[in-house]
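**Student:** Pasting data-v9.cif here (mmCIF, C-alpha atoms):
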data_final
loop_
_atom_site.label_atom_id
_atom_site.label_comp_id
_atom_site.auth_asym_id
_atom_site.auth_seq_id
_atom_site.Cartn_x
_atom_site.Cartn_y
_atom_site.Cartn_z
CA MET M 1 272.22 221.45 76.82
CA ASN M 2 270.34 218.94 78.96
CA THR M 3 269.35 215.59 77.52
CA TRP M 4 265.75 214.40 77.79
CA TYR M 5 266.55 212.01 80.63
CA GLU M 6 268.23 214.66 82.79
CA LYS M 7 264.97 216.60 82.75
CA ALA M 8 262.64 213.59 82.93
CA VAL M 9 260.01 212.62 85.46
CA PHE M 10 259.24 208.90 85.07
CA TYR M 11 256.08 206.89 85.48
CA HIS M 12 256.71 203.20 86.23
CA MET M 13 254.28 200.60 84.89
CA TYR M 14 254.30 196.87 85.63
CA PRO M 15 251.91 195.92 82.80
CA LEU M 16 251.23 192.26 83.61
CA GLY M 17 250.08 193.22 87.10
CA MET M 18 248.21 196.45 86.43
CA THR M 19 246.15 194.86 83.63
CA GLY M 20 245.32 191.70 85.60
CA ALA M 21 247.00 189.43 83.05
CA PRO M 22 247.06 185.67 83.82
CA ARG M 23 250.04 184.71 85.95
CA GLU M 24 250.91 181.81 83.67
CA ASN M 25 251.31 182.28 79.92
CA THR M 26 249.41 179.64 77.94
CA SER M 27 248.01 179.41 74.44
CA ASP M 28 244.74 180.70 75.88
CA SER M 29 246.37 183.88 77.24
CA VAL M 30 246.19 185.93 74.03
CA ALA M 31 244.65 189.36 74.65
CA ASN M 32 245.07 193.02 73.75
CA ARG M 33 245.57 194.61 77.14
CA PHE M 34 247.31 197.59 75.53
CA GLU M 35 243.80 198.94 75.02
CA GLU M 36 243.77 199.48 78.79
CA LEU M 37 247.40 200.63 78.99
CA ASN M 38 246.79 203.24 76.29
CA GLN M 39 244.19 204.86 78.54
CA TRP M 40 246.89 205.61 81.13
CA ILE M 41 248.83 207.89 78.77
CA PRO M 42 246.68 211.02 79.31
CA HIS M 43 246.90 210.36 83.06
CA MET M 44 250.71 210.21 82.89
CA LYS M 45 250.73 213.49 81.01
CA ASP M 46 248.35 215.15 83.48
CA LEU M 47 250.60 213.97 86.31
CA GLY M 48 253.50 215.76 84.62
CA CYS M 49 255.48 212.64 83.68
CA THR M 50 257.68 212.95 80.61
CA ALA M 51 258.89 209.34 80.41
CA VAL M 52 257.56 205.88 81.19
CA TYR M 53 259.48 202.81 82.28
CA ILE M 54 257.28 199.87 81.29
CA GLY M 55 258.22 196.28 81.83
CA PRO M 56 258.65 193.44 81.64
CA LEU M 57 257.11 193.35 78.17
CA PHE M 58 258.44 190.48 76.13
CA GLU M 59 257.13 186.94 75.74
CA SER M 60 257.69 185.05 78.98
CA SER M 61 256.30 182.12 80.91
CA SER M 62 255.12 183.70 84.17
CA HIS M 63 256.22 186.91 85.96
CA GLY M 64 257.81 188.46 82.87
CA TYR M 65 261.48 187.99 83.70
CA ASP M 66 261.66 184.39 82.42
CA THR M 67 261.93 185.41 78.77
CA ARG M 68 260.81 183.09 75.97
CA ASP M 69 261.21 185.46 73.03
CA TYR M 70 262.93 188.85 73.02
CA ARG M 71 261.35 189.86 69.72
CA GLN M 72 257.69 189.31 70.61
CA VAL M 73 255.56 191.27 73.05
CA ASP M 74 254.03 189.02 75.70
CA ARG M 75 250.81 187.58 74.24
CA ARG M 76 249.06 188.31 77.55
CA LEU M 77 249.50 192.03 76.77
CA GLY M 78 249.05 192.10 73.00
CA THR M 79 251.05 192.04 69.79
CA ASN M 80 254.09 193.89 68.53
CA ALA M 81 251.73 196.15 66.59
CA ASP M 82 249.86 196.98 69.81
CA PHE M 83 253.10 198.03 71.51
CA ILE M 84 254.18 200.05 68.46
CA ASN M 85 250.92 201.96 68.78
CA PHE M 86 251.47 202.48 72.54
CA VAL M 87 254.91 204.01 71.90
CA ARG M 88 253.48 206.19 69.13
CA LEU M 89 250.77 207.51 71.46
CA CYS M 90 253.32 208.17 74.23
CA HIS M 91 255.61 210.06 71.88
CA ALA M 92 252.67 212.12 70.61
CA ASP M 93 252.14 213.31 74.20
CA GLY M 94 255.84 214.02 74.78
CA ILE M 95 256.47 210.86 76.82
CA ARG M 96 259.65 208.84 76.22
CA VAL M 97 259.50 205.04 76.52
CA VAL M 98 262.02 202.83 78.34
CA VAL M 99 261.65 199.03 78.48
CA ASP M 100 263.12 196.19 80.54
CA GLY M 101 266.22 194.48 79.15
CA VAL M 102 266.40 191.09 80.85
CA PHE M 103 269.84 190.03 79.67
CA ASN M 104 271.31 188.25 82.70
CA HIS M 105 269.11 185.20 82.22
CA THR M 106 266.32 183.70 80.13
CA GLY M 107 263.43 181.45 80.91
CA ARG M 108 263.67 177.69 80.41
CA GLU M 109 261.46 177.94 77.31
CA PHE M 110 263.91 180.16 75.44
CA PHE M 111 265.00 178.50 72.18
CA ALA M 112 268.69 178.12 73.14
CA PHE M 113 267.92 176.42 76.45
CA ARG M 114 265.36 174.16 74.77
CA ASP M 115 268.02 173.11 72.27
CA ILE M 116 270.34 172.05 75.09
CA GLN M 117 267.52 170.00 76.65
CA LYS M 118 266.95 168.28 73.30
CA ASN M 119 270.50 167.79 72.02
CA ARG M 120 272.45 167.81 75.28
CA GLY M 121 276.20 167.94 74.69
CA ASN M 122 275.71 168.16 70.93
CA SER M 123 273.84 171.44 71.21
CA ARG M 124 275.68 174.42 69.72
CA PHE M 125 274.12 176.52 72.49
CA CYS M 126 275.84 174.88 75.47
CA SER M 127 278.26 177.80 75.67
CA TRP M 128 275.36 180.30 75.65
CA TYR M 129 274.75 179.55 79.34
CA ARG M 130 277.03 179.64 82.35
CA GLY M 131 278.15 176.49 84.08
CA VAL M 132 276.43 173.89 81.90
CA ASN M 133 277.54 170.56 83.36
CA PHE M 134 276.31 167.16 82.18
CA ASN M 135 277.83 165.44 85.22
CA TRP M 136 275.22 166.98 87.49
CA ASP M 137 271.44 167.36 87.41
CA SER M 138 269.14 170.33 87.96
CA PRO M 139 266.10 170.38 90.27
CA TYR M 140 264.04 170.05 87.08
CA HIS M 141 265.88 166.78 86.25
CA ASP M 142 267.19 168.04 82.92
CA GLY M 143 270.10 165.64 83.04
CA PHE M 144 272.50 168.59 83.37
CA SER M 145 273.02 171.52 85.71
CA TYR M 146 273.66 175.21 85.06
CA GLU M 147 274.08 178.50 86.88
CA ALA M 148 270.78 180.13 87.77
CA TRP M 149 269.98 183.61 89.05
CA GLN M 150 270.09 183.50 92.85
CA GLY M 151 269.48 179.75 92.70
CA HIS M 152 266.13 180.10 90.88
CA TYR M 153 266.48 177.35 88.29
CA GLY M 154 263.65 178.76 86.22
CA LEU M 155 266.10 181.54 85.31
CA PRO M 156 269.26 180.04 83.71
CA CYS M 157 272.09 182.58 83.42
CA LEU M 158 273.37 183.61 80.00
CA ASN M 159 277.11 183.61 79.32
CA LEU M 160 277.63 187.28 78.51
CA GLN M 161 281.30 186.69 77.71
CA ASN M 162 280.31 184.63 74.69
CA PRO M 163 280.62 186.86 71.57
CA GLU M 164 277.71 185.06 69.92
CA VAL M 165 275.43 185.76 72.88
CA LYS M 166 276.47 189.40 72.98
CA GLU M 167 275.83 189.91 69.29
CA TYR M 168 272.46 188.22 69.61
CA LEU M 169 271.42 190.60 72.40
CA PHE M 170 272.79 193.67 70.59
CA ASP M 171 270.70 192.63 67.59
CA VAL M 172 267.71 192.44 69.92
CA ILE M 173 268.32 196.05 70.97
CA ARG M 174 268.61 197.14 67.34
CA PHE M 175 265.33 195.34 66.66
CA TRP M 176 263.61 197.10 69.59
CA VAL M 177 264.72 200.53 68.39
CA ASP M 178 263.93 199.88 64.72
CA THR M 179 260.59 198.20 65.40
CA PHE M 180 259.22 199.94 68.49
CA ASP M 181 261.17 203.26 68.52
CA ILE M 182 262.02 202.94 72.22
CA ASP M 183 264.17 205.58 73.94
CA GLY M 184 266.09 203.50 76.46
CA ILE M 185 266.51 200.29 78.41
CA ARG M 186 266.38 199.49 82.10
CA LEU M 187 268.85 196.62 82.61
CA ASP M 188 267.47 194.01 84.96
CA CYS M 189 270.05 192.67 87.47
CA ALA M 190 272.70 195.13 86.30
CA ASN M 191 274.57 194.57 89.56
CA VAL M 192 275.58 191.07 88.35
CA LEU M 193 276.00 191.79 84.62
CA ASP M 194 279.46 191.48 83.10
CA PHE M 195 281.09 194.94 82.96
CA SER M 196 282.64 194.38 79.54
CA PHE M 197 279.19 193.45 78.20
CA MET M 198 277.73 196.74 79.45
CA LYS M 199 280.62 198.72 77.99
CA GLU M 200 280.10 197.13 74.59
CA MET M 201 276.36 197.75 74.89
CA ARG M 202 276.96 201.45 75.56
CA ALA M 203 279.17 201.68 72.47
CA VAL M 204 276.57 199.90 70.35
CA THR M 205 273.60 201.97 71.52
CA GLU M 206 275.46 205.24 70.97
CA THR M 207 275.76 204.31 67.28
CA ILE M 208 272.02 203.59 67.16
CA ARG M 209 270.80 206.78 68.84
CA ASP M 210 272.95 209.42 70.52
CA ASP M 211 270.38 210.12 73.26
CA PHE M 212 269.58 206.47 74.01
CA TRP M 213 269.41 205.95 77.80
CA LEU M 214 270.82 202.97 79.69
CA MET M 215 269.75 202.58 83.32
CA GLY M 216 270.68 199.62 85.49
CA GLU M 217 269.05 197.91 88.44
CA VAL M 218 271.72 198.12 91.15
CA ILE M 219 270.89 197.73 94.83
CA HIS M 220 274.24 197.73 96.66
CA GLY M 221 277.68 198.96 95.74
CA GLU M 222 279.46 202.12 94.65
CA TYR M 223 277.18 203.46 91.95
CA ALA M 224 280.03 205.24 90.14
CA ARG M 225 281.34 201.81 89.10
CA TRP M 226 278.31 201.57 86.81
CA VAL M 227 277.49 205.22 86.08
CA ASN M 228 280.22 206.65 83.92
CA ARG M 229 281.00 207.56 80.32
CA GLU M 230 281.94 203.99 79.41
CA MET M 231 278.97 202.10 80.84
CA LEU M 232 275.55 203.27 82.06
CA HIS M 233 273.89 206.66 82.25
CA SER M 234 272.09 205.85 85.50
CA VAL M 235 271.28 203.21 88.10
CA THR M 236 268.48 202.76 90.62
CA ASN M 237 269.22 204.77 93.75
CA TYR M 238 268.28 202.25 96.42
CA GLU M 239 270.43 204.10 98.95
CA LEU M 240 268.27 207.21 98.75
CA HIS M 241 265.12 205.07 98.70
CA LYS M 242 266.10 203.49 102.01
CA SER M 243 267.19 206.73 103.63
CA LEU M 244 263.99 208.55 102.64
CA TYR M 245 261.58 206.23 104.41
CA SER M 246 263.79 205.40 107.38
CA GLY M 247 264.85 209.04 107.80
CA LEU M 248 261.22 210.11 107.97
CA ASN M 249 260.21 207.19 110.19
CA ASP M 250 263.01 207.89 112.66
CA HIS M 251 262.77 211.69 112.51
CA ASN M 252 266.35 211.65 111.27
CA PHE M 253 266.98 214.03 108.39
CA PHE M 254 270.70 213.48 109.04
CA GLU M 255 270.43 210.04 107.43
CA ILE M 256 268.95 211.51 104.25
CA ALA M 257 271.43 214.39 104.10
CA HIS M 258 274.39 212.05 104.65
CA ASN M 259 273.25 209.86 101.78
CA VAL M 260 272.86 212.85 99.44
CA ARG M 261 276.34 214.17 100.32
CA ARG M 262 277.88 210.73 99.80
CA LEU M 263 276.39 210.48 96.30
CA GLU M 264 276.83 214.14 95.43
CA ALA M 265 279.21 213.55 92.50
CA ILE M 266 276.70 211.41 90.57
CA GLY M 267 273.46 212.03 92.45
CA ARG M 268 271.60 214.01 89.81
CA GLU M 269 272.11 211.19 87.28
CA LEU M 270 270.55 208.48 89.47
CA TYR M 271 267.05 207.07 89.04
CA THR M 272 265.21 207.89 92.27
CA PHE M 273 262.01 206.33 93.57
CA LEU M 274 259.89 205.73 96.67
CA ASP M 275 258.54 202.33 95.65
CA ASN M 276 258.67 199.94 92.71
CA HIS M 277 257.56 196.46 91.64
CA ASP M 278 260.03 194.81 94.05
CA GLU M 279 259.61 197.04 97.13
CA ASN M 280 256.79 197.48 99.62
CA ARG M 281 254.72 200.56 98.87
CA ILE M 282 255.98 203.74 100.52
CA ALA M 283 252.49 204.23 101.98
CA SER M 284 253.00 200.91 103.78
CA LYS M 285 256.56 201.70 104.88
CA LEU M 286 255.87 205.10 106.44
CA ARG M 287 254.68 204.84 110.02
CA ASN M 288 253.16 208.34 109.87
CA LYS M 289 251.03 208.69 106.73
CA ALA M 290 251.27 212.49 107.11
CA HIS M 291 254.88 212.08 105.90
CA LEU M 292 253.77 210.85 102.46
CA PRO M 293 253.67 214.32 100.81
CA LEU M 294 257.07 215.09 102.40
CA ALA M 295 258.54 211.94 100.88
CA TYR M 296 257.42 213.03 97.40
CA LEU M 297 258.67 216.59 98.02
CA LEU M 298 262.15 215.22 98.73
CA LEU M 299 261.97 212.75 95.83
CA TYR M 300 261.29 215.56 93.36
CA THR M 301 263.72 218.17 94.66
CA LEU M 302 266.78 216.21 95.82
CA PRO M 303 269.33 215.28 93.11
CA GLY M 304 268.11 212.51 90.83
CA ILE M 305 265.62 211.55 88.13
CA PRO M 306 262.31 211.04 89.98
CA SER M 307 259.94 208.16 89.26
CA VAL M 308 256.36 207.48 90.40
CA TYR M 309 255.26 203.83 90.55
CA TYR M 310 251.70 203.34 89.33
CA GLY M 311 249.22 203.77 92.15
CA GLY M 312 251.69 205.77 94.22
CA GLU M 313 249.97 208.98 93.17
CA TRP M 314 246.85 207.75 95.00
CA GLY M 315 248.75 206.65 98.08
CA ILE M 316 247.86 202.96 97.75
CA THR M 317 249.42 200.45 100.13
CA GLY M 318 250.94 197.08 99.30
CA GLU M 319 253.42 194.59 100.76
CA ARG M 320 255.19 191.50 99.52
CA THR M 321 255.09 188.17 101.29
CA ASN M 322 257.77 185.50 101.60
CA VAL M 323 256.38 183.76 98.53
CA SER M 324 254.72 186.45 96.39
CA ASP M 325 255.14 189.96 94.97
CA VAL M 326 251.50 190.16 93.85
CA GLY M 327 250.66 192.70 96.56
CA LEU M 328 253.12 195.13 94.98
CA ARG M 329 251.72 194.70 91.47
CA PRO M 330 247.94 195.09 91.76
CA CYS M 331 245.40 195.19 88.97
CA ILE M 332 244.05 198.74 88.67
CA THR M 333 242.01 200.18 85.83
CA ILE M 334 242.47 203.84 85.03
CA LYS M 335 238.81 204.41 85.99
CA GLU M 336 239.47 202.89 89.41
CA GLY M 337 242.54 205.09 89.72
CA GLU M 338 240.69 208.26 88.82
CA ALA M 339 238.15 207.45 91.52
CA MET M 340 241.02 207.38 94.06
CA ARG M 341 242.32 210.83 93.07
CA CYS M 342 243.22 212.78 96.21
CA GLU M 343 245.28 215.71 97.51
CA LEU M 344 248.44 213.65 97.08
CA THR M 345 247.71 213.29 93.35
CA THR M 346 247.44 217.06 92.98
CA TRP M 347 250.58 217.53 95.08
CA ILE M 348 252.62 215.19 92.85
CA ALA M 349 251.35 216.91 89.68
CA ARG M 350 252.38 220.27 91.14
CA LEU M 351 255.84 218.93 91.98
CA SER M 352 256.19 217.61 88.43
CA LYS M 353 255.39 221.08 87.08
CA ILE M 354 257.93 222.70 89.40
CA HIS M 355 260.54 220.12 88.38
CA ALA M 356 259.91 220.80 84.69
CA GLU M 357 259.89 224.59 84.88
CA ASN M 358 262.97 225.14 87.05
CA GLU M 359 266.35 224.37 85.55
CA GLU M 360 267.90 223.91 88.99
CA TYR M 361 266.40 220.43 89.11
CA HIS M 362 267.91 219.30 85.83
CA ALA M 363 271.58 219.84 86.52
CA GLY M 364 271.70 222.10 89.56
CA LEU M 365 274.27 221.49 92.27
CA TYR M 366 273.06 220.53 95.74
CA GLN M 367 273.84 222.71 98.76
CA GLU M 368 272.78 221.93 102.32
CA LEU M 369 271.45 225.02 104.14
CA LEU M 370 269.95 223.80 107.42
CA LEU M 371 269.84 220.42 109.13
CA THR M 372 268.32 219.18 112.36
CA ASN M 373 266.66 215.88 113.20
CA ARG M 374 263.23 217.16 112.15
CA GLN M 375 263.92 220.14 109.90
CA TYR M 376 265.88 220.18 106.67
CA ALA M 377 266.54 222.83 104.04
CA PHE M 378 268.69 222.60 100.93
CA ALA M 379 269.21 224.42 97.68
CA ARG M 380 269.61 223.35 94.08
CA ARG M 381 271.68 225.96 92.25
CA SER M 382 271.79 227.41 88.77
CA GLU M 383 273.96 230.32 87.66
CA LYS M 384 271.87 233.20 89.06
CA SER M 385 269.10 231.54 91.02
CA ILE M 386 268.41 228.78 93.50
CA ALA M 387 265.45 226.59 94.36
CA VAL M 388 265.17 225.94 98.08
CA THR M 389 263.31 223.04 99.69
CA ALA M 390 262.39 223.33 103.36
CA ALA M 391 260.80 220.41 105.23
CA ASN M 392 259.46 219.85 108.73
CA SER M 393 258.83 216.24 109.76
CA ASP M 394 257.65 217.14 113.27
CA ASP M 395 253.97 216.98 114.15
CA LYS M 396 254.31 220.48 115.59
CA GLU M 397 254.80 223.80 113.83
CA ALA M 398 258.44 224.89 113.48
CA THR M 399 260.03 228.25 112.74
CA ILE M 400 263.40 228.05 111.02
CA HIS M 401 265.95 230.61 109.81
CA ILE M 402 267.56 229.56 106.53
CA PRO M 403 270.83 231.16 105.34
CA ILE M 404 270.51 232.15 101.68
CA PRO M 405 273.75 231.73 99.67
CA LEU M 406 273.20 234.55 97.17
CA SER M 407 272.32 238.23 97.26
CA ALA M 408 268.53 238.49 97.22
CA LYS M 409 265.72 240.36 98.99
CA LYS M 410 262.80 238.00 98.44
CA ALA M 411 261.78 234.42 97.84
CA GLU M 412 258.80 233.19 95.85
CA ASN M 413 256.80 230.28 97.22
CA LEU M 414 256.37 228.03 94.17
CA MET M 415 253.39 226.32 95.79
CA ASP M 416 251.17 229.40 96.01
CA GLN M 417 253.27 232.26 94.51
CA THR M 418 253.37 234.21 97.79
CA ILE M 419 256.45 236.34 98.47
CA ILE M 420 258.62 235.95 101.57
CA PRO M 421 261.20 238.63 102.49
CA ILE M 422 264.88 237.83 102.96
CA GLU M 423 266.56 239.95 105.64
CA ASN M 424 270.28 240.08 106.34
CA GLY M 425 270.87 237.05 104.17
CA ARG M 426 268.44 234.85 106.07
CA LEU M 427 264.91 233.71 105.41
CA LYS M 428 262.52 233.24 108.32
CA LEU M 429 260.03 230.49 107.59
CA THR M 430 257.26 228.97 109.69
CA LEU M 431 256.26 225.48 108.61
CA SER M 432 253.21 223.71 109.95
CA GLY M 433 253.59 220.14 111.20
CA ASN M 434 254.58 217.53 108.58
CA SER M 435 254.84 220.03 105.76
CA GLY M 436 257.31 221.42 103.28
CA VAL M 437 257.69 224.08 100.67
CA VAL M 438 259.71 224.91 97.55
CA LEU M 439 261.01 228.46 97.10
CA LYS M 440 262.57 230.21 94.11
CA ILE M 441 265.18 232.84 94.85
CA ARG M 442 266.76 234.97 92.14
CA GLU M 443 269.92 237.00 92.49
CA ASP M 444 269.30 240.76 92.75
#
Could I get this file's structure written as C-alpha cells?

**Tutor:**
Amino acid sequence: MNTWYEKAVFYHMYPLGMTGAPRENTSDSVANRFEELNQWIPHMKDLGCTAVYIGPLFESSSHGYDTRDYRQVDRRLGTNADFINFVRLCHADGIRVVVDGVFNHTGREFFAFRDIQKNRGNSRFCSWYRGVNFNWDSPYHDGFSYEAWQGHYGLPCLNLQNPEVKEYLFDVIRFWVDTFDIDGIRLDCANVLDFSFMKEMRAVTETIRDDFWLMGEVIHGEYARWVNREMLHSVTNYELHKSLYSGLNDHNFFEIAHNVRRLEAIGRELYTFLDNHDENRIASKLRNKAHLPLAYLLLYTLPGIPSVYYGGEWGITGERTNVSDVGLRPCITIKEGEAMRCELTTWIARLSKIHAENEEYHAGLYQELLLTNRQYAFARRSEKSIAVTAANSDDKEATIHIPIPLSAKKAENLMDQTIIPIENGRLKLTLSGNSGVVLKIRED
C-alpha cells in the first residue's frame, strides 16, 4: 500500500514573501496574514495538490531561517492558533502539511545564543554551538567567534552532536505534531546536517507518527546517502531540476534521460521541482517559453514527487540578484493569481489529475522507450498497464514510432480520451512542435 507522500503532488508556499510581510521582524510586525494564506487552500485543491510545503514559519528576525523561537509562529504571519486553523482547513480539503525544520543553525536572537552573549564562558549553552572560541571575535564584535552557515554570521551553527541540543530539537518536533498536527518536515541544509542526528530523528518521528515524512534539502551528492530506511524518506532532486531546464534549452533529451537512469533506484522517492524559493523561476530559465508545458509534463510523469512553487502555475518569471532573493519570493494575493489564470494553469491541473488517478506514477518503474535529441518517450509501469509520456521539443512537427513493451492493441490519450491503435507492437504518434502527451495502455 502506498503512503500519502508517494502519491502526493505538493504546492510550495514561501509565506513571508507571498503575503508581503515586512522583511525585518519588529514589535510592530504583528499581523494575521494567515487570513490571506487560508484563501489559497481552495486554489491548491483545484490545482490537484494533495500536500503543501510551507515555510519558513517560526519566529525569526528577517528572512525566516534565522530562528528566534521554534515554538512560536512568526508574528508577521500570525499566531499559533492561526496556524492551527490553517492546518485544520488543509486537512479538511485532503491536503497534508509539511513545514521547514531549520535545525542546522539559529538566529542570533535565539535564547541560547543570547545567553552566551550575556554570560560568555559561564554560559551553560556554549556547547550548544559549534566552534565557540573566546580567543577570537566575530564580525558582530561579540567578543567570541563561532561557526556560521557558509560564513553568514547571522546564522550560528548548532552543535548537533550535543545530546542536550538533540533532545531540545526532538521536543520541538513533538510540540509541532501535538500542537499543529503537521504531517512532515523539510530539513533545511540537510546536506550539512550530522548523519547520526538525522538517524535519531527518523527513529523519534516514527514513534510519533508512522507516516511522518522527512525530506531534506540536498543539492549535490549521492542522494542514496540520505534517502534510506535509517535516515530520510526523500531529498530535493536538484539533479533532475538542472537537467530539465538545460535539457530543454539545449534540445538534449539525452541529459534528462541520463539523469533519470542514474537515479533510477531511488528516483520515485525524490522531491522534484522546476523552481523554488532559492532558484530562478523556470519561466525565466527556459529560453523558449513554448517549452514550459513540456517541463511540467516531464515533472509530473518522470519518477519523483512533483511540486509546484506558488506562481509557477501562472508562468510568472523571477530571478535572484547577487544580494537578494526577493525576486523569487514575490507578494501575490490569490485574487491577483486568479486574474493570471492561463492555459498553463489548466494544463498543470490536468497533469495533477492524471498523476492522482494512475497508479503507475505512485510506484511504477521507469522504462525508456525512445530517445533522440528532440524526442523522448518513456513508460511508467504497473502490473498490467503502463502510462507512456511522449515529448517533442522541436519547433516542428515530428512523427515517432514508439515500441510498446506489453501486448496491447490500443492506447488511450489521457489528455482528450482519444484512442490510438497499436500495430505490431509499435505506436505511431505525430506530435506538433513543442508538445507532449500522456497515454494509458492496458494489457490485452

**Student:** Hey, what comes out of the PyMOL selection byres ((chain M and resi 178-190) around 9) on this file? Could you write it as a CSV table (one decimal) with C-alpha atoms, keeping the file's coordinate frame?

**Tutor:**
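That gives us out_8.csv:
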chain,number,residue,atom,x,y,z
M,53,TYR,CA,259.5,202.8,82.3
M,55,GLY,CA,258.2,196.3,81.8
M,65,TYR,CA,261.5,188.0,83.7
M,80,ASN,CA,254.1,193.9,68.5
M,81,ALA,CA,251.7,196.2,66.6
M,83,PHE,CA,253.1,198.0,71.5
M,84,ILE,CA,254.2,200.0,68.5
M,85,ASN,CA,250.9,202.0,68.8
M,87,VAL,CA,254.9,204.0,71.9
M,88,ARG,CA,253.5,206.2,69.1
M,96,ARG,CA,259.6,208.8,76.2
M,97,VAL,CA,259.5,205.0,76.5
M,98,VAL,CA,262.0,202.8,78.3
M,99,VAL,CA,261.6,199.0,78.5
M,100,ASP,CA,263.1,196.2,80.5
M,101,GLY,CA,266.2,194.5,79.2
M,102,VAL,CA,266.4,191.1,80.8
M,103,PHE,CA,269.8,190.0,79.7
M,104,ASN,CA,271.3,188.2,82.7
M,173,ILE,CA,268.3,196.0,71.0
M,174,ARG,CA,268.6,197.1,67.3
M,175,PHE,CA,265.3,195.3,66.7
M,176,TRP,CA,263.6,197.1,69.6
M,177,VAL,CA,264.7,200.5,68.4
M,191,ASN,CA,274.6,194.6,89.6
M,192,VAL,CA,275.6,191.1,88.4
M,193,LEU,CA,276.0,191.8,84.6
M,194,ASP,CA,279.5,191.5,83.1
M,198,MET,CA,277.7,196.7,79.4
M,209,ARG,CA,270.8,206.8,68.8
M,211,ASP,CA,270.4,210.1,73.3
M,212,PHE,CA,269.6,206.5,74.0
M,213,TRP,CA,269.4,206.0,77.8
M,214,LEU,CA,270.8,203.0,79.7
M,215,MET,CA,269.8,202.6,83.3
M,216,GLY,CA,270.7,199.6,85.5
M,217,GLU,CA,269.0,197.9,88.4
M,218,VAL,CA,271.7,198.1,91.2
M,219,ILE,CA,270.9,197.7,94.8
M,226,TRP,CA,278.3,201.6,86.8
M,235,VAL,CA,271.3,203.2,88.1

**Student:** Would you kindly translate the PyMOL selection byres ((chain M and resi 256) around 8) into the concrete residues it picks from this file, as a PDB file with C-alpha atoms, keeping the file's coordinate frame?

**Tutor:**
ATOM      1  CA  LEU M 240     268.270 207.210  98.750  1.00  0.00           C
ATOM      2  CA  SER M 243     267.190 206.730 103.630  1.00  0.00           C
ATOM      3  CA  LEU M 244     263.990 208.550 102.640  1.00  0.00           C
ATOM      4  CA  GLY M 247     264.850 209.040 107.800  1.00  0.00           C
ATOM      5  CA  ASN M 252     266.350 211.650 111.270  1.00  0.00           C
ATOM      6  CA  PHE M 253     266.980 214.030 108.390  1.00  0.00           C
ATOM      7  CA  PHE M 254     270.700 213.480 109.040  1.00  0.00           C
ATOM      8  CA  GLU M 255     270.430 210.040 107.430  1.00  0.00           C
ATOM      9  CA  ALA M 257     271.430 214.390 104.100  1.00  0.00           C
ATOM     10  CA  HIS M 258     274.390 212.050 104.650  1.00  0.00           C
ATOM     11  CA  ASN M 259     273.250 209.860 101.780  1.00  0.00           C
ATOM     12  CA  VAL M 260     272.860 212.850  99.440  1.00  0.00           C
TER      13      VAL M 260
END

**Student:** Between M:Met340, M:Leu351, M:Cys90, M:Ala377, which has the minimum distance to M:Met44 (counting all atoms listed in the file)?

**Tutor:**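 Ranking M:Met340, M:Leu351, M:Cys90, M:Ala377 by distance to M:Met44, first place goes to M:Cys90.
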
**Student:** Given the file above and the PyMOL selection byres ((chain M and resi 300) around 9), which residues are selected, and can you give them as a PyMOL selection string?

**Tutor:** chain M and resi 9+272+295-299+301-307+348+351-352+354-355+361

**Student:** Counting all atoms listed in the file, which residue out of M:Leu274, M:Ile95, M:Cys331, M:Ala31 sits closest to M:Tyr14?

**Tutor:**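 Checking each of M:Leu274, M:Ile95, M:Cys331, M:Ala31 against M:Tyr14, counting all atoms listed in the file, the winner is M:Cys331.
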
**Student:** So how many Å separate atom CA of M:Pro403 and atom CA of M:Leu292, to one decimal?

**Tutor:**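 Atom-to-atom, atom CA of M:Pro403 and atom CA of M:Leu292 are spaced 26.7 Å apart.
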
**Student:** In Å, how far is it from atom CA of M:Gly94 to atom CA of M:His362?

**Tutor:**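 So the two atoms, atom CA of M:Gly94 and atom CA of M:His362, lie 17.2 Å apart.
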
**Student:** Expressed in Å to a single decimal, how great is the separation between atom CA of M:Glu357 and atom CA of M:Gly425?

**Tutor:**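 Computing the Euclidean distance for atom CA of M:Glu357 and atom CA of M:Gly425 yields 25.5 Å.
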
**Student:** Could you name the residues that touch M:Arg426 at 7 Å or less, counting all atoms listed in the file, but leaving out those on the same chain fewer than 2 positions away, as a short mmCIF file (atom, residue, chain, number, x, y, z; two decimals) with C-alpha atoms, in the coordinates of the input?

**Tutor:**
data_model
loop_
_atom_site.label_atom_id
_atom_site.label_comp_id
_atom_site.auth_asym_id
_atom_site.auth_seq_id
_atom_site.Cartn_x
_atom_site.Cartn_y
_atom_site.Cartn_z
CA HIS M 401 265.95 230.61 109.81
CA ILE M 402 267.56 229.56 106.53
CA PRO M 403 270.83 231.16 105.34
CA ILE M 404 270.51 232.15 101.68
CA ILE M 422 264.88 237.83 102.96
CA GLU M 423 266.56 239.95 105.64
CA ASN M 424 270.28 240.08 106.34
CA LYS M 428 262.52 233.24 108.32
#

**Student:** Starting from the point (269.4, 239.4, 90.6), work out which residues of protein, DNA or RNA have an atom no more than 7 Å away when counting only C-alpha atoms; state them as a list in words.

**Tutor:**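 Those residues, ordered by chain and then number, are Lys384, Ala408, Arg442, Glu443 and Asp444 of chain M.
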
**Student:** May I ask which of the residues M:His91, M:Lys335, M:His141, M:Arg75 is the closest one to M:Lys45, counting all atoms listed in the file?

**Tutor:** M:His91

**Student:** Residues at most 12 Å from M:Glu164, counting only C-alpha atoms, excluding those fewer than 3 positions away in the same chain, as a list in words?

**Tutor:** Ala112, Arg124, Phe125, Cys126, Ser127, Trp128, Tyr129, Leu158, Asn159, Leu160, Gln161, Glu167, Tyr168, Leu169, Phe170, Asp171 and Phe197 of chain M

**Student:** Restricted to C-alpha atoms, what does stretch 207-218 of chain M look like when written out as a short mmCIF file (atom, residue, chain, number, x, y, z; two decimals), in the first residue's frame?

**Tutor:**
data_model
loop_
_atom_site.label_atom_id
_atom_site.label_comp_id
_atom_site.auth_asym_id
_atom_site.auth_seq_id
_atom_site.Cartn_x
_atom_site.Cartn_y
_atom_site.Cartn_z
CA THR M 207 7.36 6.67 17.28
CA ILE M 208 5.30 9.86 16.94
CA ARG M 209 3.52 9.01 13.69
CA ASP M 210 4.23 6.05 11.42
CA ASP M 211 3.54 8.02 8.22
CA PHE M 212 5.51 11.13 9.23
CA TRP M 213 7.60 12.34 6.27
CA LEU M 214 11.18 13.61 6.45
CA MET M 215 12.54 15.37 3.36
CA GLY M 216 15.93 17.04 3.19
CA GLU M 217 17.34 19.93 1.22
CA VAL M 218 20.30 18.37 -0.60
#
